[in-house]
Amino acid sequence: MLRLTLFALASLVTLPAAAAENVTTFTLDNGMEAVVIEDHRAPVVVHMLWYKAGAADEKPGVSGIAHFLEHLLFKATDKLEAGEFSAIVEANGGSDNAFTSWDYTAYFQRVAADRLGLMMEMESNRMRNIRLTEEDILTERDVILEERNQRTDSEPGSLFSEQRRSAQYMNHPYGIPIIGWRHEMEQLDREDALEFYRTFYAPNAAVLVVAGDVDPAEVEALAKKHYGPLEPTVGLPDRERPQEPPQLAERRVMFEDARVAQPYVIRTYLAPERDAGDQKEAAALTILADILGGSSATSVFGRALELGERKAVYTSAFYSGMNYDDTNFGVLIVPTPELSLEQAEAELDAVIAQFIEDGVDAAQLERVKTQIRASAIYENDNVGGLARRYGAALTSGLTVEDVQAWPGILEAVTEEDIIAAAKSVFSRKNAVTGWYQKPSAEVTQ
């Protein structure tokens, strides 16, 4: 295994995280945005098409339709039979897939660079020309229901997460699961799918990201050829979702299930996301999560609760600012068997309070920044990861400039910024606290 010396690592991370990125942008006449990321180290390309529409953009009563439609896009178009899209990608030595989030739906292929035109031809075709039969609807609806069975209904941890999230967001659609509520999924039909498709699967609601061994001028020419003729959606709705009212009381979810193997306490606080032109607080929260709950050996939680008094077998803190609307900041403790969940929660709160009082250790802050710099540089070695970074950002309300400014904003975070962010976010009135445990009669604490 290759091991970098500390000196070599320190030298490496002085490089700017965006150094490996050679990014070009353009916009087609029909409103489609495009980002081209050059990386000529291998003759491959990642072609991604991102739609600014996810589970949070669904109408009430049809939860899961964004994810359902993702599945249906692998059916027939006016030029391809069902399943033929992926078969052609595979026949050309490539791979393809898709994924849905609350804020976007994305489709991607990784192929040899000289196959880029073929990918654009097929992807542009299914943007506006899918052909759905009633049999497609019934078959694929059974598939997503079984997916919910396996990933949610049969997993107590997933059910717990779903319940906590619905408590976190009383009014915003982030509280609705991406896969959908079962009783609504069972009623999804062809017209539901086509309505979502006709509205959002349009060039003026899409971001094209191409990363790899490409020439930007050639990419733009191919995009104009294949995507340029597509008509935009007229009257595309603004992305204005219902927002959360002021939270006036602490919320708690006590989840019990006989299948629980390891009880734990988790709390998530509403927190600001990365906003275009204003990412400073999000950067402070990003570093705060690493300082509190990163490595067990060096984090505040790890040293105090795992290594110190050994009151926990695992601790964590987490935050992701890549959201269109408000996100959340979370903390978690898995206590040792002799500690009750009530005691574990009290211990976690005590460590947070002491951290805010003591402030940030300068050496730890520098260590976290070093790790973030190194991680960003290593991520640049993956063209798929680069493409995802830009696609997720642009469909979450950020700009290319925001993505490129992010490393510098992280670097500029101060100890004072971190404590200010912690004080702003850590309010019990702004949080959902969850206990995950066996039924009370079986709990031995």
# chains A, B, ... in the order shown; residues from 1 in each chain; ligands from 1
$ closest_atom_pairs --of "region 220-302 of chain A" --to "region 326-346 of chain A" --cutoff "6 Å" --atoms "only C-alpha atoms" --output "JSON lines"
{"residue": "A:Tyr264", "atom": "CA", "partner": "A:Val334", "partner_atom": "CA", "distance": 4.5}
{"residue": "A:Val265", "atom": "CA", "partner": "A:Ile333", "partner_atom": "CA", "distance": 5.4}
{"residue": "A:Ile266", "atom": "CA", "partner": "A:Leu332", "partner_atom": "CA", "distance": 4.3}
{"residue": "A:Arg267", "atom": "CA", "partner": "A:Val331", "partner_atom": "CA", "distance": 5.5}
{"residue": "A:Thr268", "atom": "CA", "partner": "A:Gly330", "partner_atom": "CA", "distance": 4.1}
{"residue": "A:Tyr269", "atom": "CA", "partner": "A:Phe329", "partner_atom": "CA", "distance": 5.2}
{"residue": "A:Leu270", "atom": "CA", "partner": "A:Asn328", "partner_atom": "CA", "distance": 4.4}
{"residue": "A:Ala271", "atom": "CA", "partner": "A:Asn328", "partner_atom": "CA", "distance": 4.6}
{"residue": "A:Pro272", "atom": "CA", "partner": "A:Asp326", "partner_atom": "CA", "distance": 4.9}
{"residue": "A:Glu273", "atom": "CA", "partner": "A:Asp326", "partner_atom": "CA", "distance": 5.2}
$ write_last_selection --atoms "C-alpha atoms" --output "mmCIF file, in the first residue's frame"
data_model
loop_
_atom_site.group_PDB
_atom_site.id
_atom_site.type_symbol
_atom_site.label_atom_id
_atom_site.label_comp_id
_atom_site.auth_asym_id
_atom_site.auth_seq_id
_atom_site.Cartn_x
_atom_site.Cartn_y
_atom_site.Cartn_z
ATOM 1 C CA TYR A 264 -29.016 4.950 19.887
ATOM 2 C CA VAL A 265 -29.930 8.623 20.196
ATOM 3 C CA ILE A 266 -29.907 10.955 17.226
ATOM 4 C CA ARG A 267 -30.823 14.610 17.011
ATOM 5 C CA THR A 268 -31.131 16.717 13.857
ATOM 6 C CA TYR A 269 -31.416 20.496 13.818
ATOM 7 C CA LEU A 270 -32.767 22.592 10.953
ATOM 8 C CA ALA A 271 -29.777 24.336 9.424
ATOM 9 C CA PRO A 272 -29.078 26.656 6.487
ATOM 10 C CA GLU A 273 -27.948 25.185 3.194
#
$ closest_atom_pairs --of "region 209-281 of chain A" --to "region 369-386 of chain A" --cutoff "12 Å" --atoms "only C-alpha atoms" --output "JSON lines"
{"residue": "A:Val209", "atom": "CA", "partner": "A:Leu386", "partner_atom": "CA", "distance": 9.4}
{"residue": "A:Val210", "atom": "CA", "partner": "A:Val383", "partner_atom": "CA", "distance": 9.1}
{"residue": "A:Ala211", "atom": "CA", "partner": "A:Val383", "partner_atom": "CA", "distance": 5.8}
{"residue": "A:Gly212", "atom": "CA", "partner": "A:Val383", "partner_atom": "CA", "distance": 6.1}
{"residue": "A:Asp213", "atom": "CA", "partner": "A:Val383", "partner_atom": "CA", "distance": 9.6}
{"residue": "A:Val214", "atom": "CA", "partner": "A:Val383", "partner_atom": "CA", "distance": 11.7}
$ write_last_selection --atoms "N, CA and C atoms" --output "PDB file, in the first residue's frame"
ATOM      1  N   VAL A 209     -23.977  17.883 -17.923  1.00  0.00           N
ATOM      2  CA  VAL A 209     -22.602  17.892 -17.413  1.00  0.00           C
ATOM      3  C   VAL A 209     -21.825  16.818 -18.153  1.00  0.00           C
ATOM      4  N   VAL A 210     -20.740  17.218 -18.781  1.00  0.00           N
ATOM      5  CA  VAL A 210     -19.867  16.294 -19.505  1.00  0.00           C
ATOM      6  C   VAL A 210     -18.465  16.424 -18.935  1.00  0.00           C
ATOM      7  N   ALA A 211     -17.906  15.307 -18.477  1.00  0.00           N
ATOM      8  CA  ALA A 211     -16.571  15.332 -17.874  1.00  0.00           C
ATOM      9  C   ALA A 211     -15.714  14.234 -18.473  1.00  0.00           C
ATOM     10  N   GLY A 212     -14.480  14.594 -18.823  1.00  0.00           N
ATOM     11  CA  GLY A 212     -13.564  13.588 -19.345  1.00  0.00           C
ATOM     12  C   GLY A 212     -12.722  14.093 -20.493  1.00  0.00           C
ATOM     13  N   ASP A 213     -12.369  13.180 -21.378  1.00  0.00           N
ATOM     14  CA  ASP A 213     -11.444  13.467 -22.477  1.00  0.00           C
ATOM     15  C   ASP A 213     -12.210  14.091 -23.648  1.00  0.00           C
ATOM     16  N   VAL A 214     -12.566  15.354 -23.484  1.00  0.00           N
ATOM     17  CA  VAL A 214     -13.395  16.032 -24.482  1.00  0.00           C
ATOM     18  C   VAL A 214     -12.856  17.421 -24.779  1.00  0.00           C
TER      19      VAL A 214
END
$ closest_residue --among "A:Asn149, A:Thr199, A:Thr298, A:Gln247" --to "Thr233 (chain A)" --atoms "only C-alpha atoms"
A:Thr199
$ select_by_dssp --residues "region 43-244 of chain A" --states "strand (DSSP E or B)" --output "number ranges by chain"
A: 44-51, 76-77, 95-100, 105-112, 130-131, 206-212
$ residues_around --residues "region 150-167 of chain A" --least-positions-apart "4" --cutoff "9 Å" --atoms "only C-alpha atoms" --output "list in words"
Leu145, Glu146, Pro173, Tyr174, Gly175, Ile176, Pro177, Arg251, Arg252, Val253, Met254, Phe255, Glu256, Asp257, Ala258, Arg259, Val260, Thr268, Val432, Thr433, Gly434, Trp435 and Tyr436 of chain A
$ write_last_selection --atoms "C-alpha atoms" --output "mmCIF file, in the first residue's frame"
data_model
loop_
_atom_site.group_PDB
_atom_site.id
_atom_site.type_symbol
_atom_site.label_atom_id
_atom_site.label_comp_id
_atom_site.auth_asym_id
_atom_site.auth_seq_id
_atom_site.Cartn_x
_atom_site.Cartn_y
_atom_site.Cartn_z
ATOM 1 C CA LEU A 145 -43.216 -1.107 -4.140
ATOM 2 C CA GLU A 146 -40.879 -4.058 -3.691
ATOM 3 C CA PRO A 173 -41.892 18.460 1.161
ATOM 4 C CA TYR A 174 -38.444 17.389 2.374
ATOM 5 C CA GLY A 175 -40.475 15.534 5.005
ATOM 6 C CA ILE A 176 -41.901 13.198 2.341
ATOM 7 C CA PRO A 177 -39.745 10.160 1.476
ATOM 8 C CA ARG A 251 -39.967 17.506 18.792
ATOM 9 C CA ARG A 252 -39.191 13.950 19.849
ATOM 10 C CA VAL A 253 -39.638 10.576 18.126
ATOM 11 C CA MET A 254 -39.521 7.481 20.311
ATOM 12 C CA PHE A 255 -39.193 4.561 17.902
ATOM 13 C CA GLU A 256 -39.506 0.992 19.167
ATOM 14 C CA ASP A 257 -39.049 -2.178 17.147
ATOM 15 C CA ALA A 258 -38.225 -5.720 18.209
ATOM 16 C CA ARG A 259 -35.655 -5.919 15.398
ATOM 17 C CA VAL A 260 -33.489 -3.118 16.860
ATOM 18 C CA THR A 268 -31.131 16.717 13.857
ATOM 19 C CA VAL A 432 -35.975 16.558 16.418
ATOM 20 C CA THR A 433 -34.537 14.119 18.949
ATOM 21 C CA GLY A 434 -35.003 10.429 18.219
ATOM 22 C CA TRP A 435 -34.626 7.374 20.419
ATOM 23 C CA TYR A 436 -34.158 4.100 18.570
#
$ select_by_dssp --residues "region 163-261 of chain A" --states "alpha helix (DSSP H)" --output "tab-separated table (two decimals) with all heavy atoms, in the first residue's frame"
chain	number	residue	atom	x	y	z
A	163	GLN	N	-39.62	8.50	9.86
A	163	GLN	CA	-40.47	9.14	10.86
A	163	GLN	C	-39.83	10.42	11.39
A	163	GLN	O	-40.51	11.44	11.59
A	163	GLN	CB	-40.74	8.17	12.01
A	163	GLN	CG	-41.59	6.97	11.64
A	163	GLN	CD	-42.99	7.36	11.22
A	163	GLN	OE1	-43.70	8.04	11.96
A	163	GLN	NE2	-43.40	6.95	10.03
A	164	ARG	N	-38.53	10.38	11.63
A	164	ARG	CA	-37.84	11.57	12.13
A	164	ARG	C	-37.88	12.70	11.10
A	164	ARG	O	-38.09	13.87	11.45
A	164	ARG	CB	-36.39	11.24	12.48
A	164	ARG	CG	-36.21	10.42	13.74
A	164	ARG	CD	-34.74	10.30	14.13
A	164	ARG	NE	-33.96	9.60	13.13
A	164	ARG	CZ	-33.14	10.19	12.27
A	164	ARG	NH1	-33.01	11.51	12.26
A	164	ARG	NH2	-32.45	9.48	11.40
A	165	ARG	N	-37.68	12.35	9.86
A	165	ARG	CA	-37.66	13.39	8.83
A	165	ARG	C	-39.03	14.04	8.66
A	165	ARG	O	-39.14	15.25	8.45
A	165	ARG	CB	-37.17	12.80	7.50
A	165	ARG	CG	-36.85	13.87	6.46
A	165	ARG	CD	-36.19	13.32	5.23
A	165	ARG	NE	-35.85	14.41	4.34
A	165	ARG	CZ	-34.68	15.00	4.27
A	165	ARG	NH1	-33.70	14.60	5.06
A	165	ARG	NH2	-34.45	15.99	3.42
A	166	SER	N	-40.08	13.24	8.77
A	166	SER	CA	-41.42	13.80	8.64
A	166	SER	C	-41.75	14.70	9.83
A	166	SER	O	-42.55	15.64	9.71
A	166	SER	CB	-42.46	12.69	8.52
A	166	SER	OG	-42.52	11.90	9.69
A	167	ALA	N	-41.11	14.44	10.99
A	167	ALA	CA	-41.28	15.32	12.14
A	167	ALA	C	-40.45	16.59	11.99
A	167	ALA	O	-40.83	17.65	12.48
A	167	ALA	CB	-40.89	14.58	13.42
A	168	GLN	N	-39.30	16.47	11.32
A	168	GLN	CA	-38.42	17.62	11.13
A	168	GLN	C	-39.08	18.67	10.23
A	168	GLN	O	-39.01	19.88	10.49
A	168	GLN	CB	-37.11	17.17	10.48
A	168	GLN	CG	-36.07	18.27	10.34
A	168	GLN	CD	-35.13	18.32	11.51
A	168	GLN	OE1	-34.31	17.44	11.68
A	168	GLN	NE2	-35.24	19.34	12.34
A	182	ARG	N	-46.31	4.55	0.93
A	182	ARG	CA	-46.84	3.35	0.27
A	182	ARG	C	-48.26	3.55	-0.26
A	182	ARG	O	-48.57	3.17	-1.39
A	182	ARG	CB	-46.79	2.15	1.22
A	182	ARG	CG	-47.54	0.92	0.70
A	182	ARG	CD	-47.35	-0.27	1.59
A	182	ARG	NE	-46.01	-0.82	1.44
A	182	ARG	CZ	-45.65	-1.64	0.46
A	182	ARG	NH1	-46.53	-1.98	-0.48
A	182	ARG	NH2	-44.43	-2.10	0.38
A	183	HIS	N	-49.15	4.14	0.55
A	183	HIS	CA	-50.55	4.24	0.13
A	183	HIS	C	-50.72	5.14	-1.10
A	183	HIS	O	-51.66	4.96	-1.87
A	183	HIS	CB	-51.42	4.76	1.29
A	183	HIS	CG	-51.15	6.16	1.69
A	183	HIS	ND1	-50.03	6.53	2.42
A	183	HIS	CD2	-51.83	7.32	1.48
A	183	HIS	CE1	-50.05	7.84	2.65
A	183	HIS	NE2	-51.13	8.34	2.07
A	184	GLU	N	-49.76	6.07	-1.30
A	184	GLU	CA	-49.82	6.90	-2.51
A	184	GLU	C	-49.11	6.22	-3.67
A	184	GLU	O	-49.56	6.32	-4.83
A	184	GLU	CB	-49.21	8.28	-2.23
A	184	GLU	CG	-50.03	9.08	-1.24
A	184	GLU	CD	-49.51	10.48	-0.99
A	184	GLU	OE1	-48.38	10.80	-1.44
A	184	GLU	OE2	-50.22	11.28	-0.36
A	185	MET	N	-48.02	5.51	-3.39
A	185	MET	CA	-47.32	4.78	-4.44
A	185	MET	C	-48.24	3.77	-5.13
A	185	MET	O	-48.18	3.57	-6.34
A	185	MET	CB	-46.11	4.04	-3.85
A	185	MET	CG	-45.01	4.94	-3.31
A	185	MET	SD	-43.79	3.99	-2.37
A	185	MET	CE	-43.06	2.97	-3.65
A	190	ARG	N	-50.36	6.17	-15.05
A	190	ARG	CA	-49.68	6.65	-16.25
A	190	ARG	C	-49.80	8.17	-16.38
A	190	ARG	O	-48.82	8.85	-16.73
A	190	ARG	CB	-50.27	5.96	-17.48
A	190	ARG	CG	-49.63	6.36	-18.81
A	190	ARG	CD	-50.17	5.47	-19.93
A	190	ARG	NE	-49.63	5.87	-21.22
A	190	ARG	CZ	-50.18	6.77	-22.02
A	190	ARG	NH1	-51.32	7.38	-21.65
A	190	ARG	NH2	-49.62	7.08	-23.19
A	191	GLU	N	-50.95	8.72	-16.08
A	191	GLU	CA	-51.13	10.16	-16.23
A	191	GLU	C	-50.31	10.93	-15.21
A	191	GLU	O	-49.79	12.02	-15.51
A	191	GLU	CB	-52.61	10.52	-16.12
A	191	GLU	CG	-52.91	11.97	-16.52
A	191	GLU	CD	-52.33	12.36	-17.88
A	191	GLU	OE1	-52.46	11.57	-18.84
A	191	GLU	OE2	-51.73	13.46	-17.97
A	192	ASP	N	-50.19	10.41	-14.00
A	192	ASP	CA	-49.33	11.04	-12.99
A	192	ASP	C	-47.90	11.15	-13.51
A	192	ASP	O	-47.24	12.19	-13.39
A	192	ASP	CB	-49.33	10.23	-11.69
A	192	ASP	CG	-50.67	10.23	-10.99
A	192	ASP	OD1	-51.41	11.23	-11.12
A	192	ASP	OD2	-50.98	9.22	-10.32
A	193	ALA	N	-47.42	10.05	-14.09
A	193	ALA	CA	-46.05	10.03	-14.60
A	193	ALA	C	-45.88	10.99	-15.77
A	193	ALA	O	-44.89	11.74	-15.84
A	193	ALA	CB	-45.67	8.60	-15.02
A	194	LEU	N	-46.82	10.98	-16.69
A	194	LEU	CA	-46.71	11.84	-17.87
A	194	LEU	C	-46.82	13.33	-17.52
A	194	LEU	O	-46.16	14.16	-18.14
A	194	LEU	CB	-47.77	11.46	-18.90
A	194	LEU	CG	-47.54	10.12	-19.61
A	194	LEU	CD1	-48.71	9.80	-20.53
A	194	LEU	CD2	-46.23	10.14	-20.39
A	195	GLU	N	-47.63	13.66	-16.51
A	195	GLU	CA	-47.74	15.06	-16.12
A	195	GLU	C	-46.41	15.58	-15.57
A	195	GLU	O	-45.97	16.68	-15.92
A	195	GLU	CB	-48.84	15.22	-15.06
A	195	GLU	CG	-49.02	16.68	-14.63
A	195	GLU	CD	-50.09	16.86	-13.57
A	195	GLU	OE1	-50.68	15.84	-13.13
A	195	GLU	OE2	-50.34	18.01	-13.17
A	196	PHE	N	-45.78	14.79	-14.72
A	196	PHE	CA	-44.48	15.19	-14.18
A	196	PHE	C	-43.44	15.27	-15.31
A	196	PHE	O	-42.63	16.20	-15.37
A	196	PHE	CB	-44.03	14.19	-13.11
A	196	PHE	CG	-42.91	14.68	-12.23
A	196	PHE	CD1	-43.16	15.46	-11.11
A	196	PHE	CD2	-41.59	14.35	-12.52
A	196	PHE	CE1	-42.14	15.91	-10.29
A	196	PHE	CE2	-40.55	14.78	-11.70
A	196	PHE	CZ	-40.82	15.57	-10.59
A	197	TYR	N	-43.48	14.28	-16.19
A	197	TYR	CA	-42.54	14.21	-17.31
A	197	TYR	C	-42.69	15.40	-18.25
A	197	TYR	O	-41.70	16.05	-18.62
A	197	TYR	CB	-42.80	12.90	-18.06
A	197	TYR	CG	-42.01	12.70	-19.33
A	197	TYR	CD1	-40.65	12.40	-19.29
A	197	TYR	CD2	-42.62	12.79	-20.58
A	197	TYR	CE1	-39.93	12.18	-20.46
A	197	TYR	CE2	-41.92	12.59	-21.74
A	197	TYR	CZ	-40.56	12.29	-21.68
A	197	TYR	OH	-39.86	12.09	-22.83
A	198	ARG	N	-43.90	15.72	-18.64
A	198	ARG	CA	-44.12	16.81	-19.59
A	198	ARG	C	-43.73	18.16	-19.01
A	198	ARG	O	-43.33	19.07	-19.74
A	198	ARG	CB	-45.59	16.84	-20.01
A	198	ARG	CG	-46.01	15.67	-20.88
A	198	ARG	CD	-47.52	15.58	-20.97
A	198	ARG	NE	-47.97	14.43	-21.75
A	198	ARG	CZ	-49.13	13.81	-21.56
A	198	ARG	NH1	-49.96	14.25	-20.60
A	198	ARG	NH2	-49.47	12.77	-22.30
A	199	THR	N	-43.84	18.29	-17.70
A	199	THR	CA	-43.50	19.56	-17.06
A	199	THR	C	-42.01	19.74	-16.90
A	199	THR	O	-41.44	20.78	-17.29
A	199	THR	CB	-44.17	19.65	-15.67
A	199	THR	OG1	-45.58	19.52	-15.82
A	199	THR	CG2	-43.84	20.97	-14.99
A	200	PHE	N	-41.34	18.74	-16.33
A	200	PHE	CA	-39.95	18.92	-15.90
A	200	PHE	C	-38.90	18.31	-16.81
A	200	PHE	O	-37.73	18.70	-16.73
A	200	PHE	CB	-39.78	18.35	-14.49
A	200	PHE	CG	-40.56	19.09	-13.44
A	200	PHE	CD1	-41.66	18.49	-12.83
A	200	PHE	CD2	-40.23	20.38	-13.07
A	200	PHE	CE1	-42.38	19.16	-11.85
A	200	PHE	CE2	-40.95	21.07	-12.11
A	200	PHE	CZ	-42.03	20.45	-11.50
A	216	PRO	N	-14.26	21.22	-25.36
A	216	PRO	CA	-15.49	21.97	-25.09
A	216	PRO	C	-16.23	22.41	-26.34
A	216	PRO	O	-17.47	22.37	-26.37
A	216	PRO	CB	-15.00	23.18	-24.27
A	216	PRO	CG	-13.74	22.71	-23.63
A	216	PRO	CD	-13.11	21.78	-24.61
A	217	ALA	N	-15.51	22.81	-27.37
A	217	ALA	CA	-16.17	23.25	-28.60
A	217	ALA	C	-16.91	22.10	-29.26
A	217	ALA	O	-18.03	22.27	-29.79
A	217	ALA	CB	-15.14	23.84	-29.56
A	218	GLU	N	-16.32	20.91	-29.22
A	218	GLU	CA	-16.98	19.75	-29.81
A	218	GLU	C	-18.20	19.34	-28.99
A	218	GLU	O	-19.24	18.94	-29.54
A	218	GLU	CB	-16.00	18.59	-29.92
A	218	GLU	CG	-14.87	18.83	-30.92
A	218	GLU	CD	-13.89	17.68	-30.97
A	218	GLU	OE1	-14.11	16.67	-30.26
A	218	GLU	OE2	-12.89	17.79	-31.71
A	219	VAL	N	-18.09	19.45	-27.66
A	219	VAL	CA	-19.23	19.14	-26.81
A	219	VAL	C	-20.39	20.08	-27.09
A	219	VAL	O	-21.54	19.67	-27.21
A	219	VAL	CB	-18.84	19.21	-25.32
A	219	VAL	CG1	-20.07	19.06	-24.43
A	219	VAL	CG2	-17.81	18.15	-24.98
A	220	GLU	N	-20.08	21.37	-27.23
A	220	GLU	CA	-21.13	22.34	-27.52
A	220	GLU	C	-21.78	22.07	-28.87
A	220	GLU	O	-23.01	22.17	-29.01
A	220	GLU	CB	-20.56	23.76	-27.48
A	220	GLU	CG	-21.63	24.82	-27.66
A	220	GLU	CD	-21.13	26.22	-27.39
A	220	GLU	OE1	-19.93	26.39	-27.10
A	220	GLU	OE2	-21.94	27.16	-27.47
A	221	ALA	N	-20.97	21.69	-29.86
A	221	ALA	CA	-21.52	21.39	-31.18
A	221	ALA	C	-22.45	20.18	-31.12
A	221	ALA	O	-23.54	20.18	-31.72
A	221	ALA	CB	-20.39	21.14	-32.17
A	222	LEU	N	-22.05	19.15	-30.37
A	222	LEU	CA	-22.90	17.96	-30.22
A	222	LEU	C	-24.17	18.30	-29.46
A	222	LEU	O	-25.27	17.81	-29.79
A	222	LEU	CB	-22.12	16.86	-29.49
A	222	LEU	CG	-21.03	16.15	-30.30
A	222	LEU	CD1	-20.21	15.24	-29.38
A	222	LEU	CD2	-21.64	15.34	-31.44
A	223	ALA	N	-24.05	19.13	-28.42
A	223	ALA	CA	-25.23	19.50	-27.64
A	223	ALA	C	-26.22	20.29	-28.49
A	223	ALA	O	-27.43	20.08	-28.40
A	223	ALA	CB	-24.80	20.31	-26.42
A	224	LYS	N	-25.72	21.19	-29.31
A	224	LYS	CA	-26.60	21.95	-30.19
A	224	LYS	C	-27.30	21.03	-31.18
A	224	LYS	O	-28.49	21.22	-31.49
A	224	LYS	CB	-25.80	23.03	-30.94
A	224	LYS	CG	-25.37	24.19	-30.08
A	224	LYS	CD	-24.58	25.21	-30.88
A	224	LYS	CE	-24.21	26.42	-30.03
A	224	LYS	NZ	-23.40	27.41	-30.79
A	225	LYS	N	-26.59	20.03	-31.65
A	225	LYS	CA	-27.16	19.10	-32.63
A	225	LYS	C	-28.26	18.24	-32.01
A	225	LYS	O	-29.34	18.07	-32.61
A	225	LYS	CB	-26.06	18.21	-33.20
A	225	LYS	CG	-26.57	17.13	-34.15
A	225	LYS	CD	-25.43	16.25	-34.64
A	225	LYS	CE	-25.94	15.13	-35.54
A	225	LYS	NZ	-24.83	14.24	-35.99
A	226	HIS	N	-27.99	17.69	-30.83
A	226	HIS	CA	-28.92	16.71	-30.26
A	226	HIS	C	-29.94	17.32	-29.29
A	226	HIS	O	-31.11	16.93	-29.30
A	226	HIS	CB	-28.12	15.61	-29.55
A	226	HIS	CG	-27.27	14.81	-30.48
A	226	HIS	ND1	-27.80	13.98	-31.44
A	226	HIS	CD2	-25.91	14.72	-30.61
A	226	HIS	CE1	-26.82	13.40	-32.12
A	226	HIS	NE2	-25.67	13.83	-31.64
$ atom_distance --atom1 "CA of Lys280 (chain A)" --atom2 "CA of Tyr314 (chain A)"
29.3 Å
$ closest_residue --among "A:Val35, A:Leu236, A:Val313, A:Ala284" --to "Ile418 (chain A)" --atoms "only C-alpha atoms"
A:Ala284
$ residues_around --residues "region 390-399 of chain A" --least-positions-apart "4" --cutoff "7 Å" --atoms "only C-alpha atoms" --output "PyMOL selection string"
chain A and resi 50+52+103-104+207+209+275-276+322-324+386+403
$ residues_around --residues "Glu90 (chain A)" --least-positions-apart "5" --cutoff "12 Å" --atoms "only C-alpha atoms" --output "list of chain:residue names"
A:Gly83, A:Glu84, A:Phe85, A:Ser95, A:Asp96, A:Asn97, A:Gln109, A:Arg110, A:Val111, A:Ala112, A:Arg115, A:Met119
$ write_last_selection --atoms "C-alpha atoms" --output "JSON list (two decimals), in the first residue's frame"
[["chain", "number", "residue", "atom", "x", "y", "z"],
["A", 83, "GLY", "CA", -34.37, -1.80, -22.18],
["A", 84, "GLU", "CA", -32.63, -0.96, -25.44],
["A", 85, "PHE", "CA", -31.01, 2.22, -24.08],
["A", 95, "SER", "CA", -22.29, 1.65, -18.07],
["A", 96, "ASP", "CA", -25.34, 3.71, -17.17],
["A", 97, "ASN", "CA", -27.68, 4.39, -14.30],
["A", 109, "GLN", "CA", -23.41, 7.08, -18.77],
["A", 110, "ARG", "CA", -19.69, 6.38, -18.64],
["A", 111, "VAL", "CA", -18.34, 5.43, -22.09],
["A", 112, "ALA", "CA", -15.40, 5.84, -24.43],
["A", 115, "ARG", "CA", -19.28, 7.56, -28.04],
["A", 119, "MET", "CA", -25.17, 9.12, -25.65]]
$ atom_distance --atom1 "CA of Ser295 (chain A)" --atom2 "CA of Asn430 (chain A)"
26.4 Å
$ residues_around --residues "Ser124 (chain A)" --least-positions-apart "3" --cutoff "7 Å" --atoms "only C-alpha atoms" --output "MDAnalysis selection string"
chainID A and resid 120:121 127 226:227
$ atom_distance --atom1 "CA of Glu415 (chain A)" --atom2 "CA of Gln279 (chain A)"
16.3 Å
$ residues_around --residues "Ile409 (chain A)" --least-positions-apart "3" --cutoff "10 Å" --atoms "only C-alpha atoms" --output "PyMOL selection string"
chain A and resi 278-284+402+404-406+412-413
$ write_last_selection --atoms "N, CA, C and O atoms" --output "short mmCIF file (atom, residue, chain, number, x, y, z; two decimals), in the first residue's frame"
data_model
loop_
_atom_site.label_atom_id
_atom_site.label_comp_id
_atom_site.auth_asym_id
_atom_site.auth_seq_id
_atom_site.Cartn_x
_atom_site.Cartn_y
_atom_site.Cartn_z
N ASP A 278 -23.44 33.00 -0.90
CA ASP A 278 -23.42 33.12 0.55
C ASP A 278 -23.27 31.72 1.15
O ASP A 278 -24.23 31.10 1.57
N GLN A 279 -22.03 31.25 1.22
CA GLN A 279 -21.76 29.89 1.69
C GLN A 279 -20.96 29.87 3.00
O GLN A 279 -20.54 28.80 3.44
N LYS A 280 -20.78 31.03 3.62
CA LYS A 280 -19.89 31.12 4.77
C LYS A 280 -20.38 30.29 5.95
O LYS A 280 -19.62 29.52 6.55
N GLU A 281 -21.67 30.42 6.31
CA GLU A 281 -22.17 29.67 7.45
C GLU A 281 -22.19 28.17 7.15
O GLU A 281 -21.89 27.35 8.02
N ALA A 282 -22.53 27.81 5.93
CA ALA A 282 -22.51 26.40 5.55
C ALA A 282 -21.10 25.83 5.66
O ALA A 282 -20.92 24.67 6.07
N ALA A 283 -20.10 26.63 5.31
CA ALA A 283 -18.71 26.17 5.44
C ALA A 283 -18.35 25.94 6.90
O ALA A 283 -17.70 24.96 7.26
N ALA A 284 -18.79 26.86 7.77
CA ALA A 284 -18.52 26.71 9.20
C ALA A 284 -19.19 25.45 9.74
O ALA A 284 -18.61 24.71 10.56
N ASP A 402 -19.86 29.32 -7.42
CA ASP A 402 -19.99 28.88 -6.03
C ASP A 402 -19.20 27.60 -5.79
O ASP A 402 -18.54 27.45 -4.75
N GLN A 404 -16.56 26.55 -7.39
CA GLN A 404 -15.13 26.82 -7.44
C GLN A 404 -14.66 27.67 -6.26
O GLN A 404 -13.49 27.60 -5.87
N ALA A 405 -15.57 28.45 -5.68
CA ALA A 405 -15.20 29.27 -4.52
C ALA A 405 -15.21 28.47 -3.22
O ALA A 405 -14.60 28.90 -2.23
N TRP A 406 -15.89 27.33 -3.20
CA TRP A 406 -16.10 26.58 -1.97
C TRP A 406 -14.81 26.22 -1.22
O TRP A 406 -14.73 26.42 0.01
N ALA A 412 -11.12 29.69 4.74
CA ALA A 412 -11.19 30.96 5.47
C ALA A 412 -11.99 30.86 6.78
O ALA A 412 -12.04 31.82 7.54
N VAL A 413 -12.60 29.71 7.05
CA VAL A 413 -13.40 29.57 8.27
C VAL A 413 -12.52 29.72 9.51
O VAL A 413 -11.45 29.12 9.60
#
